[in-house]
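Q: I am sharing structure.cif, which consists of mmCIF, C-alpha atoms:
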data_target
loop_
_atom_site.label_atom_id
_atom_site.label_comp_id
_atom_site.auth_asym_id
_atom_site.auth_seq_id
_atom_site.Cartn_x
_atom_site.Cartn_y
_atom_site.Cartn_z
CA MET L 272 22.43 17.66 9.98
CA PRO L 273 22.15 19.03 13.57
CA PRO L 274 18.76 19.23 15.26
CA VAL L 275 16.88 22.49 15.21
CA ALA L 276 16.83 24.34 18.54
CA SER L 277 13.82 23.46 20.68
CA SER L 278 12.63 27.05 20.58
CA ASP L 279 12.13 26.77 16.84
CA LYS L 280 8.50 25.57 16.48
CA VAL L 281 8.21 24.24 12.95
CA SER L 282 4.74 23.52 11.59
CA LEU L 283 4.41 20.74 9.00
CA ALA L 284 1.15 19.68 7.36
CA LEU L 285 0.70 16.11 6.13
CA VAL L 286 -2.14 14.18 4.46
CA ALA L 287 -2.48 10.43 3.93
CA GLY L 288 -5.71 8.91 2.65
CA GLU L 289 -4.98 5.21 2.91
CA VAL L 290 -3.22 2.64 5.08
CA SER L 291 -0.10 2.54 2.87
CA GLY L 292 0.25 6.34 2.95
CA ASP L 293 -0.16 6.33 6.73
CA MET L 294 2.75 3.90 7.01
CA LEU L 295 4.97 5.92 4.65
CA ALA L 296 4.28 9.27 6.27
CA ALA L 297 4.85 7.85 9.76
CA ARG L 298 8.32 6.73 8.69
CA LEU L 299 9.06 10.22 7.38
CA MET L 300 7.83 11.79 10.62
CA ALA L 301 10.07 9.45 12.62
CA GLY L 302 13.03 10.59 10.49
CA LEU L 303 12.20 14.25 11.02
CA LYS L 304 11.69 14.20 14.79
CA PRO L 305 15.40 14.03 15.76
CA HIS L 306 15.99 17.18 13.66
CA LEU L 307 12.73 18.93 14.58
CA PRO L 308 12.04 17.79 18.14
CA ASP L 309 9.32 20.41 18.73
CA ALA L 310 7.71 20.27 15.31
CA ARG L 311 3.93 20.48 15.09
CA PHE L 312 2.51 17.82 12.76
CA HIS L 313 -1.08 18.34 11.64
CA GLY L 314 -3.38 17.40 8.77
CA ILE L 315 -5.06 14.06 8.05
CA GLY L 316 -3.63 10.65 8.82
CA GLY L 317 -4.10 7.25 10.39
CA PRO L 318 -2.97 5.48 13.56
CA ARG L 319 0.73 5.26 12.64
CA MET L 320 0.97 9.00 11.93
CA ILE L 321 -1.03 9.82 15.05
CA ALA L 322 1.38 7.66 17.08
CA GLN L 323 4.19 9.89 15.74
CA GLY L 324 2.40 13.02 16.95
CA LEU L 325 0.07 14.02 14.11
CA VAL L 326 -3.07 15.96 15.02
CA SER L 327 -5.57 14.64 12.45
CA SER L 328 -8.56 16.84 11.62
CA VAL L 329 -10.66 13.97 10.21
CA PRO L 330 -10.36 10.17 10.37
CA ILE L 331 -8.29 8.73 7.52
CA GLU L 332 -11.19 6.41 6.61
CA THR L 333 -13.16 9.48 5.52
CA LEU L 334 -10.89 9.85 2.49
CA THR L 335 -10.60 6.19 1.50
CA VAL L 336 -12.32 5.57 -1.83
CA ARG L 337 -11.37 3.08 -4.55
CA GLY L 338 -12.12 3.26 -8.27
CA LEU L 339 -13.12 6.03 -10.67
CA PHE L 340 -16.90 5.98 -10.41
CA GLU L 341 -16.98 4.92 -6.77
CA ILE L 342 -15.90 8.43 -5.75
CA ILE L 343 -18.88 10.17 -7.40
CA PRO L 344 -21.36 9.76 -4.50
CA ARG L 345 -18.78 11.18 -2.08
CA TYR L 346 -17.17 13.80 -4.29
CA ARG L 347 -18.79 16.83 -2.62
CA GLU L 348 -17.89 15.57 0.87
CA ILE L 349 -14.24 14.94 -0.01
CA LYS L 350 -13.93 18.15 -2.03
CA GLY L 351 -15.28 20.04 0.95
CA ILE L 352 -12.62 18.52 3.20
CA GLN L 353 -9.93 19.48 0.68
CA ASN L 354 -11.19 23.07 0.41
CA ARG L 355 -11.41 23.58 4.17
CA LEU L 356 -7.93 22.17 4.65
CA ARG L 357 -6.55 24.37 1.86
CA ASP L 358 -8.02 27.52 3.38
CA ARG L 359 -6.70 26.68 6.84
CA LEU L 360 -3.20 25.88 5.61
CA ILE L 361 -2.95 29.01 3.48
CA ALA L 362 -3.93 31.01 6.57
CA GLU L 363 -1.52 29.13 8.87
CA ARG L 364 1.34 28.86 6.33
CA PRO L 365 3.18 25.70 7.47
CA ALA L 366 6.86 25.34 6.62
CA ALA L 367 5.87 22.67 4.10
CA PHE L 368 3.02 20.44 3.05
CA ILE L 369 3.71 16.72 2.60
CA GLY L 370 1.25 14.61 0.64
CA ALA L 371 1.65 10.88 1.26
CA ASP L 372 0.44 9.11 -1.87
CA TYR L 373 -3.33 9.60 -2.45
CA PRO L 374 -2.68 11.70 -5.58
CA GLY L 375 -6.29 12.42 -6.54
CA PHE L 376 -6.67 14.48 -3.36
CA ASN L 377 -3.13 15.56 -2.60
CA LEU L 378 -1.96 16.79 -6.00
CA GLY L 379 -4.92 19.16 -6.29
CA LEU L 380 -4.27 20.45 -2.80
CA GLU L 381 -0.52 20.76 -3.44
CA GLU L 382 -1.08 22.75 -6.61
CA GLN L 383 -3.12 25.36 -4.72
CA LEU L 384 -0.74 25.49 -1.75
CA ARG L 385 2.35 25.85 -3.93
CA ALA L 386 0.68 28.66 -5.87
CA ALA L 387 0.18 30.36 -2.50
CA GLY L 388 3.91 30.08 -1.76
CA ILE L 389 3.91 27.00 0.50
CA PRO L 390 6.58 24.39 -0.41
CA THR L 391 5.08 21.00 -1.26
CA VAL L 392 6.55 17.51 -1.04
CA HIS L 393 4.82 14.51 -2.57
CA PHE L 394 5.78 11.19 -1.05
CA VAL L 395 5.43 8.30 -3.51
CA GLY L 396 5.28 9.34 -7.13
CA PRO L 397 1.92 8.63 -8.78
CA GLN L 398 2.18 5.68 -11.11
CA ILE L 399 2.46 7.77 -14.28
CA TRP L 400 4.65 4.97 -15.67
CA ALA L 401 1.67 2.59 -15.39
CA TRP L 402 -1.24 4.82 -16.35
CA ARG L 403 -2.37 8.49 -16.43
CA GLY L 404 0.92 9.77 -17.82
CA GLY L 405 -0.73 13.15 -18.46
CA ARG L 406 -0.46 13.81 -14.73
CA ILE L 407 3.17 14.87 -15.16
CA LYS L 408 2.02 18.39 -16.17
CA LYS L 409 0.04 18.73 -12.96
CA ILE L 410 2.94 17.36 -10.94
CA GLN L 411 5.26 19.98 -12.45
CA ARG L 412 2.90 22.69 -11.20
CA ALA L 413 2.04 21.10 -7.86
CA VAL L 414 5.19 19.55 -6.43
CA SER L 415 8.29 21.32 -5.10
CA HIS L 416 10.04 17.99 -4.48
CA MET L 417 9.08 14.39 -5.27
CA LEU L 418 10.12 11.44 -3.10
CA VAL L 419 10.07 8.15 -5.02
CA ILE L 420 10.24 4.60 -3.73
CA PHE L 421 11.20 2.69 -6.88
CA PRO L 422 14.64 3.16 -8.48
CA PHE L 423 13.43 3.53 -12.08
CA GLU L 424 11.16 6.47 -11.14
CA GLU L 425 14.00 8.90 -10.41
CA GLN L 426 14.95 9.43 -14.06
CA ILE L 427 11.32 9.91 -15.10
CA TYR L 428 10.91 12.91 -12.83
CA ARG L 429 14.37 14.29 -13.57
CA ASP L 430 13.54 14.24 -17.28
CA ALA L 431 10.34 16.16 -16.49
CA GLY L 432 12.24 18.79 -14.52
CA VAL L 433 10.73 17.82 -11.16
CA PRO L 434 13.25 17.78 -8.26
CA VAL L 435 13.33 14.20 -7.01
CA THR L 436 14.97 11.91 -4.43
CA TYR L 437 14.94 8.12 -4.49
CA ILE L 438 14.56 7.02 -0.88
CA GLY L 439 14.01 3.27 -1.26
CA HIS L 440 10.85 1.54 -0.10
CA PRO L 441 10.16 1.65 3.65
CA LEU L 442 8.74 -1.88 3.51
CA ALA L 443 12.16 -3.15 2.47
CA GLU L 444 13.49 -1.98 5.85
CA THR L 445 10.65 -3.24 8.01
CA ILE L 446 10.42 -6.72 6.45
CA PRO L 447 13.40 -8.98 7.25
CA MET L 448 15.48 -10.30 4.38
CA VAL L 449 14.96 -13.83 5.74
CA PRO L 450 11.51 -14.01 7.38
CA ASP L 451 11.08 -16.17 10.50
CA VAL L 452 8.44 -18.63 9.29
CA ALA L 453 8.56 -20.74 12.45
CA ALA L 454 7.94 -17.73 14.70
CA ALA L 455 5.04 -16.56 12.53
CA ARG L 456 3.42 -19.98 12.60
CA ALA L 457 3.90 -20.24 16.33
CA ALA L 458 2.30 -16.82 16.82
CA LEU L 459 -0.76 -18.04 14.90
CA GLY L 460 -0.91 -21.37 16.71
CA LEU L 461 0.12 -23.29 13.58
CA ALA L 462 2.47 -26.26 13.43
CA PRO L 463 6.05 -25.49 12.29
CA ASN L 464 6.69 -25.74 8.58
CA GLY L 465 7.77 -29.26 7.70
CA PRO L 466 7.13 -32.23 5.44
CA ASN L 467 4.09 -33.41 7.43
CA SER L 468 2.69 -30.04 8.55
CA ALA L 469 -0.46 -28.51 7.13
CA ARG L 470 0.04 -26.08 4.29
CA VAL L 471 -1.06 -22.49 4.86
CA VAL L 472 -2.77 -20.18 2.36
CA THR L 473 -3.00 -16.53 3.38
CA VAL L 474 -6.02 -14.78 1.88
CA MET L 475 -5.79 -10.98 1.51
CA PRO L 476 -8.90 -9.50 -0.17
CA GLY L 477 -7.89 -5.93 0.75
CA SER L 478 -7.98 -3.51 3.65
CA ARG L 479 -10.66 -1.21 2.20
CA MET L 480 -14.36 -1.95 2.13
CA GLY L 481 -14.39 -1.15 -1.59
CA GLU L 482 -11.94 -3.98 -2.20
CA LEU L 483 -13.84 -6.41 0.02
CA LYS L 484 -17.05 -5.66 -1.86
CA TYR L 485 -15.58 -7.08 -5.06
CA LEU L 486 -13.02 -9.61 -3.83
CA ALA L 487 -14.19 -11.10 -0.53
CA GLU L 488 -16.74 -13.49 -2.00
CA PRO L 489 -14.61 -14.93 -4.84
CA PHE L 490 -11.66 -15.24 -2.44
CA VAL L 491 -13.78 -17.07 0.15
CA ARG L 492 -15.28 -19.42 -2.43
CA ALA L 493 -11.81 -20.08 -3.85
CA ALA L 494 -10.71 -21.10 -0.34
CA GLY L 495 -13.65 -23.48 -0.22
CA LEU L 496 -12.60 -25.09 -3.51
CA LEU L 497 -9.01 -25.41 -2.31
CA ALA L 498 -10.20 -27.03 0.94
CA ARG L 499 -12.00 -29.68 -1.11
CA ARG L 500 -8.74 -30.52 -2.91
CA ASP L 501 -6.75 -30.62 0.34
CA PRO L 502 -8.90 -30.80 3.51
CA GLY L 503 -5.76 -30.22 5.58
CA LEU L 504 -5.17 -26.70 4.21
CA ARG L 505 -5.19 -23.89 6.76
CA PHE L 506 -6.39 -20.42 5.72
CA VAL L 507 -5.25 -17.22 7.43
CA VAL L 508 -7.03 -13.94 6.67
CA PRO L 509 -5.64 -10.60 7.95
CA MET L 510 -8.37 -8.00 8.55
CA ALA L 511 -7.74 -4.25 8.76
CA GLY L 512 -10.52 -3.52 11.26
CA GLU L 513 -13.70 -4.66 12.95
CA LYS L 514 -15.94 -3.41 10.14
CA GLN L 515 -13.99 -5.47 7.62
CA ARG L 516 -14.01 -8.49 9.93
CA ILE L 517 -17.80 -8.40 10.33
CA TYR L 518 -18.33 -8.05 6.58
CA PHE L 519 -15.94 -10.90 5.80
CA ASN L 520 -17.64 -13.21 8.30
CA GLU L 521 -20.98 -12.42 6.65
CA ILE L 522 -19.52 -13.50 3.30
CA VAL L 523 -18.20 -16.74 4.82
CA ALA L 524 -21.65 -17.50 6.29
CA LYS L 525 -23.37 -16.66 3.00
CA ALA L 526 -21.06 -19.07 1.18
CA GLY L 527 -21.74 -21.78 3.78
CA LEU L 528 -18.04 -22.22 4.44
CA GLN L 529 -17.96 -21.90 8.22
CA GLY L 530 -16.57 -25.43 8.37
CA ILE L 531 -13.24 -24.74 6.66
CA ASP L 532 -10.16 -23.97 8.74
CA LEU L 533 -10.18 -20.20 8.31
CA GLN L 534 -8.47 -17.94 10.89
CA LEU L 535 -8.98 -14.16 10.93
CA VAL L 536 -6.02 -12.20 12.35
CA ASP L 537 -4.96 -8.58 12.85
CA ASP L 538 -1.29 -8.72 11.81
CA SER L 539 -0.86 -9.03 8.05
CA HIS L 540 2.92 -9.50 8.21
CA THR L 541 2.63 -12.49 10.52
CA ALA L 542 -0.04 -13.94 8.23
CA ILE L 543 2.18 -13.53 5.15
CA ALA L 544 5.30 -14.90 6.85
CA ALA L 545 3.41 -18.05 7.86
CA ALA L 546 2.09 -18.75 4.35
CA ASP L 547 3.01 -21.30 1.73
CA ALA L 548 1.11 -19.24 -0.85
CA VAL L 549 -0.88 -15.99 -0.81
CA LEU L 550 -4.03 -14.89 -2.63
CA VAL L 551 -3.81 -11.09 -2.60
CA ALA L 552 -5.63 -8.00 -3.88
CA SER L 553 -3.54 -5.80 -6.18
CA GLY L 554 -1.84 -2.97 -4.32
CA THR L 555 0.94 -2.40 -1.81
CA ALA L 556 0.19 -5.78 -0.22
CA THR L 557 1.59 -7.52 -3.31
CA LEU L 558 4.98 -5.92 -2.63
CA GLU L 559 4.78 -7.01 1.01
CA VAL L 560 4.21 -10.58 -0.12
CA ALA L 561 7.18 -10.35 -2.51
CA LEU L 562 9.45 -9.02 0.24
CA PHE L 563 8.42 -12.00 2.37
CA LYS L 564 9.55 -14.15 -0.62
CA LYS L 565 6.19 -15.90 -1.00
CA PRO L 566 4.43 -17.32 -4.08
CA MET L 567 1.26 -15.38 -4.79
CA VAL L 568 -1.73 -14.90 -7.06
CA ILE L 569 -2.77 -11.27 -7.61
CA ALA L 570 -6.39 -10.29 -8.24
CA TYR L 571 -7.98 -6.98 -9.22
CA LYS L 572 -11.67 -6.15 -9.60
CA VAL L 573 -13.62 -2.87 -9.50
CA MET L 574 -16.95 -1.49 -10.68
CA ARG L 575 -17.51 -2.45 -14.32
CA ALA L 576 -17.68 1.17 -15.55
CA SER L 577 -14.37 1.98 -13.81
CA TRP L 578 -12.76 -1.09 -15.35
CA GLU L 579 -13.90 -0.21 -18.89
CA ILE L 580 -12.10 3.13 -18.61
CA MET L 581 -9.03 1.98 -16.67
CA ARG L 582 -8.19 -0.97 -18.92
CA HIS L 583 -7.61 1.41 -21.84
CA MET L 584 -5.34 3.70 -19.80
CA GLY L 585 -2.56 1.27 -18.91
CA TYR L 586 0.89 1.72 -20.43
CA GLN L 587 2.20 -1.73 -19.57
CA PRO L 588 0.84 -5.26 -19.28
CA TRP L 589 1.28 -5.67 -15.50
CA ILE L 590 -0.71 -4.36 -12.55
CA GLY L 591 1.02 -6.14 -9.65
CA LEU L 592 4.01 -4.32 -8.18
CA PRO L 593 6.29 -7.41 -8.15
CA ASN L 594 5.63 -7.93 -11.87
CA ILE L 595 6.08 -4.23 -12.65
CA LEU L 596 9.44 -4.18 -10.87
CA ALA L 597 10.53 -7.40 -12.55
CA ARG L 598 9.22 -6.23 -15.96
CA GLU L 599 7.70 -9.68 -16.48
CA PHE L 600 4.91 -11.92 -15.18
CA LEU L 601 6.71 -13.47 -12.24
CA VAL L 602 3.37 -14.31 -10.60
CA PRO L 603 -0.15 -14.72 -12.02
CA GLU L 604 -2.51 -11.75 -12.31
CA LEU L 605 -6.27 -12.29 -12.60
CA LEU L 606 -8.25 -9.21 -13.59
CA GLN L 607 -11.93 -8.28 -13.46
CA HIS L 608 -13.94 -11.00 -15.27
CA ALA L 609 -11.18 -13.56 -14.66
CA VAL L 610 -11.66 -13.15 -10.90
CA THR L 611 -13.79 -16.25 -10.30
CA PRO L 612 -13.51 -18.82 -7.49
CA GLU L 613 -12.44 -21.47 -9.98
CA THR L 614 -9.65 -19.47 -11.65
CA LEU L 615 -8.36 -18.21 -8.30
CA ALA L 616 -8.34 -21.69 -6.79
CA ASP L 617 -6.57 -23.19 -9.83
CA ALA L 618 -3.89 -20.50 -9.77
CA VAL L 619 -3.23 -20.83 -6.02
CA TRP L 620 -3.16 -24.62 -6.29
CA ALA L 621 -0.51 -24.38 -8.99
CA GLN L 622 1.59 -22.10 -6.77
CA LEU L 623 1.24 -24.45 -3.81
CA ASN L 624 2.50 -27.41 -5.79
CA ASP L 625 5.40 -25.86 -7.71
CA ALA L 626 8.46 -26.34 -5.48
CA ALA L 627 10.94 -25.32 -8.18
CA GLY L 628 8.91 -22.21 -8.97
CA ARG L 629 8.85 -21.31 -5.28
CA ASP L 630 12.66 -21.39 -5.16
CA ARG L 631 12.95 -19.26 -8.31
CA LEU L 632 10.54 -16.69 -6.91
CA ALA L 633 12.42 -16.52 -3.60
CA ALA L 634 15.65 -15.76 -5.46
CA ARG L 635 14.05 -13.04 -7.63
CA PHE L 636 12.25 -11.48 -4.68
CA THR L 637 15.50 -11.41 -2.69
CA GLU L 638 17.14 -9.42 -5.51
CA MET L 639 14.14 -7.10 -5.53
CA HIS L 640 14.41 -6.63 -1.77
CA HIS L 641 18.07 -5.55 -2.01
CA SER L 642 17.26 -3.05 -4.79
CA LEU L 643 14.62 -1.35 -2.61
CA LEU L 644 16.61 -1.29 0.62
CA ARG L 645 17.65 2.22 1.72
CA ASP L 646 17.37 4.28 4.92
CA SER L 647 14.07 5.76 3.76
CA ALA L 648 13.29 7.67 6.97
CA ALA L 649 16.65 9.48 6.92
CA LEU L 650 16.66 10.16 3.17
CA SER L 651 13.09 11.49 3.12
CA ALA L 652 13.72 13.63 6.20
CA GLU L 653 16.86 15.12 4.63
CA ALA L 654 14.90 16.05 1.51
CA VAL L 655 12.20 17.80 3.57
CA LEU L 656 14.78 19.61 5.69
CA ARG L 657 16.52 20.92 2.55
CA ILE L 658 13.19 22.42 1.46
CA ILE L 659 12.22 24.07 4.73
CA ARG L 660 15.82 25.17 5.54
CA PRO L 661 17.58 25.63 2.21
#
Please render this file's structure as structure tokens.
A:
Amino acid sequence: MPPVASSDKVSLALVAGEVSGDMLAARLMAGLKPHLPDARFHGIGGPRMIAQGLVSSVPIETLTVRGLFEIIPRYREIKGIQNRLRDRLIAERPAAFIGADYPGFNLGLEEQLRAAGIPTVHFVGPQIWAWRGGRIKKIQRAVSHMLVIFPFEEQIYRDAGVPVTYIGHPLAETIPMVPDVAAARAALGLAPNGPNSARVVTVMPGSRMGELKYLAEPFVRAAGLLARRDPGLRFVVPMAGEKQRIYFNEIVAKAGLQGIDLQLVDDSHTAIAAADAVLVASGTATLEVALFKKPMVIAYKVMRASWEIMRHMGYQPWIGLPNILAREFLVPELLQHAVTPETLADAVWAQLNDAAGRDRLAARFTEMHHSLLRDSAALSAEAVLRIIRP
């Protein structure tokens, strides 16, 4: 498709509310820029989208909330942001609105914009196949075109009459098929992987403060228990920002575990590539770990009231993306009350010491990687261009 003439100033509105959505939308923007070199990107996004030229009206952190009941204290603030953005976009009439994940906010906004005649694209189908299947009715009203990142999702939306394109998962393109473990360990100042080198456990309690609130302490104490079993273990902990880093260090001090070999880093991909096993919060990070072909233990914990509702809404027995894609428990999942230092440590220890299991997982995760590998930036851009220039 040839690029649009530079005199053609196309306005596109985008909203991402979390780190994963920021990454996905930035890839889409990169795919659009060769075709729309003078496009104006505006809305709400994070550092990756801003690096691609987005003018963000509020910081992405303003929208980041986790859990059902956790949103209640901030509902009026977030609803106010949504209403102001809706009014501005209806007045400005962009060529299209693109919602990157964050369905609780974006679907409501998309429904109102589409009713006002603005085409809407939703990037990453809400997990109606996992829970909240009733959302399909809202999606039918709200979404002009759905972009999905898992192959089995395409038929679900086709059956519901929602125009859809499977674009593959952008992470499958950015993560190498064969990760460079030696380079990752060197970057972190760790000895190369070998028979006499220290084993590395990467600890990922989440990028959001809501996740850290529930998972940081049991993850830290699990690391302490593992260090007792093997004093030579090295722990690497990627942190999403300074606020998270300060909070995590407070948890380490509270647990009295300053003495264990625990290294906080900025780059999560380097931390995963260097690992022998990963303890990870449920979410997109679990797929990242799978694409790096690493053994893992997945944990999930939220406010008790949220859990009591959510546990009755699931349509399948898995919560971790690698297990959902495999349709079986490839890796352990520990949920809510099972998230204790002892159970986490036992599960990670088993992963560390199962060489045959590690090889089996690497083979399954390699198959998974191939199934998700597409040119997502080009495919998503083509879908958007078909909507704004039919």
Q: Just the number, please: distance in Å from atom CA of Leu334 of chain L to atom CA of Ala431 of chain L, one decimal.
A: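 So the two atoms, atom CA of Leu334 of chain L and atom CA of Ala431 of chain L, lie 29.2 Å apart.
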Q: Please list as a PyMOL selection string every residue within 10 Å of segment 432-447 of chain L, counting only C-alpha atoms and excluding residues in the same chain fewer than 3 positions away.
A: chain L and resi 291+294-296+298-299+392-396+407+410-429+450-451+540+544+555+558-560+562-563+639-654
Q: If you measure from atom CA of Ala552 of chain L to atom CA of Ala493 of chain L, what distance in Å do you get, rounded to one decimal?
A: 13.6 Å
Q: Translate the PyMOL selection byres ((chain L and resi 376) around 10) into a concrete residue list for this structure, as JSON, numbers by chain.
A: {"L": [286, 287, 288, 334, 349, 350, 352, 353, 370, 372, 373, 374, 375, 377, 378, 379, 380, 381]}
Q: Could you tell me how far atom CA of Arg470 of chain L lies from atom CA of Pro566 of chain L, in Å and to one decimal?
A: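 Separation between atom CA of Arg470 of chain L and atom CA of Pro566 of chain L: 12.9 Å.
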Q: Can you list, as a VMD selection string, the residues that the PyMOL selection byres ((chain L and resi 303) around 12) selects here?
A: chain L and resid 272 to 275 281 to 283 296 to 302 304 to 312 323 to 324 647 to 657 659
Q: If the PyMOL selection byres ((chain L and resi 571) around 6) is run on the structure shown, which residues does it catch, given as a PDB file with C-alpha atoms, keeping the file's coordinate frame?
A:
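The resulting file, out03.pdb, is reproduced below:
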ATOM      1  CA  ALA L 552      -5.630  -8.000  -3.880  1.00  0.00           C
ATOM      2  CA  SER L 553      -3.540  -5.800  -6.180  1.00  0.00           C
ATOM      3  CA  ALA L 570      -6.390 -10.290  -8.240  1.00  0.00           C
ATOM      4  CA  LYS L 572     -11.670  -6.150  -9.600  1.00  0.00           C
ATOM      5  CA  LEU L 606      -8.250  -9.210 -13.590  1.00  0.00           C
ATOM      6  CA  GLN L 607     -11.930  -8.280 -13.460  1.00  0.00           C
TER       7      GLN L 607
END
Q: Tell me, counting only C-alpha atoms, for each residue of segment 483-581 of chain L within 7 Å of segment 608-621 of chain L, which pair of atoms is nearest and how far apart they are in Å to one decimal, in rows ordered by chain and increasing number, as JSON lines.
A:
{"residue": "L:Pro489", "atom": "CA", "partner": "L:Pro612", "partner_atom": "CA", "distance": 4.8}
{"residue": "L:Phe490", "atom": "CA", "partner": "L:Pro612", "partner_atom": "CA", "distance": 6.5}
{"residue": "L:Arg492", "atom": "CA", "partner": "L:Pro612", "partner_atom": "CA", "distance": 5.4}
{"residue": "L:Ala493", "atom": "CA", "partner": "L:Pro612", "partner_atom": "CA", "distance": 4.2}
{"residue": "L:Ala494", "atom": "CA", "partner": "L:Ala616", "partner_atom": "CA", "distance": 6.9}
{"residue": "L:Leu496", "atom": "CA", "partner": "L:Ala616", "partner_atom": "CA", "distance": 6.4}
{"residue": "L:Leu497", "atom": "CA", "partner": "L:Ala616", "partner_atom": "CA", "distance": 5.9}
{"residue": "L:Ala548", "atom": "CA", "partner": "L:Val619", "partner_atom": "CA", "distance": 6.9}
{"residue": "L:Leu550", "atom": "CA", "partner": "L:Val619", "partner_atom": "CA", "distance": 6.9}
{"residue": "L:Val568", "atom": "CA", "partner": "L:Val619", "partner_atom": "CA", "distance": 6.2}
{"residue": "L:Ala570", "atom": "CA", "partner": "L:Val610", "partner_atom": "CA", "distance": 6.6}
Q: If we count only C-alpha atoms and set the cut-off at 8 Å, which residues sit around Leu483 of chain L, ignoring sequence neighbours fewer than 5 positions away in its own chain? Please answer as a PDB file with C-alpha atoms, in the frame of the given file.
A:
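The file below, selection_3.pdb, is the result:
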ATOM      1  CA  PRO L 476      -8.900  -9.500  -0.170  1.00  0.00           C
ATOM      2  CA  GLY L 477      -7.890  -5.930   0.750  1.00  0.00           C
ATOM      3  CA  SER L 478      -7.980  -3.510   3.650  1.00  0.00           C
ATOM      4  CA  GLU L 488     -16.740 -13.490  -2.000  1.00  0.00           C
ATOM      5  CA  GLN L 515     -13.990  -5.470   7.620  1.00  0.00           C
ATOM      6  CA  PHE L 519     -15.940 -10.900   5.800  1.00  0.00           C
TER       7      PHE L 519
END
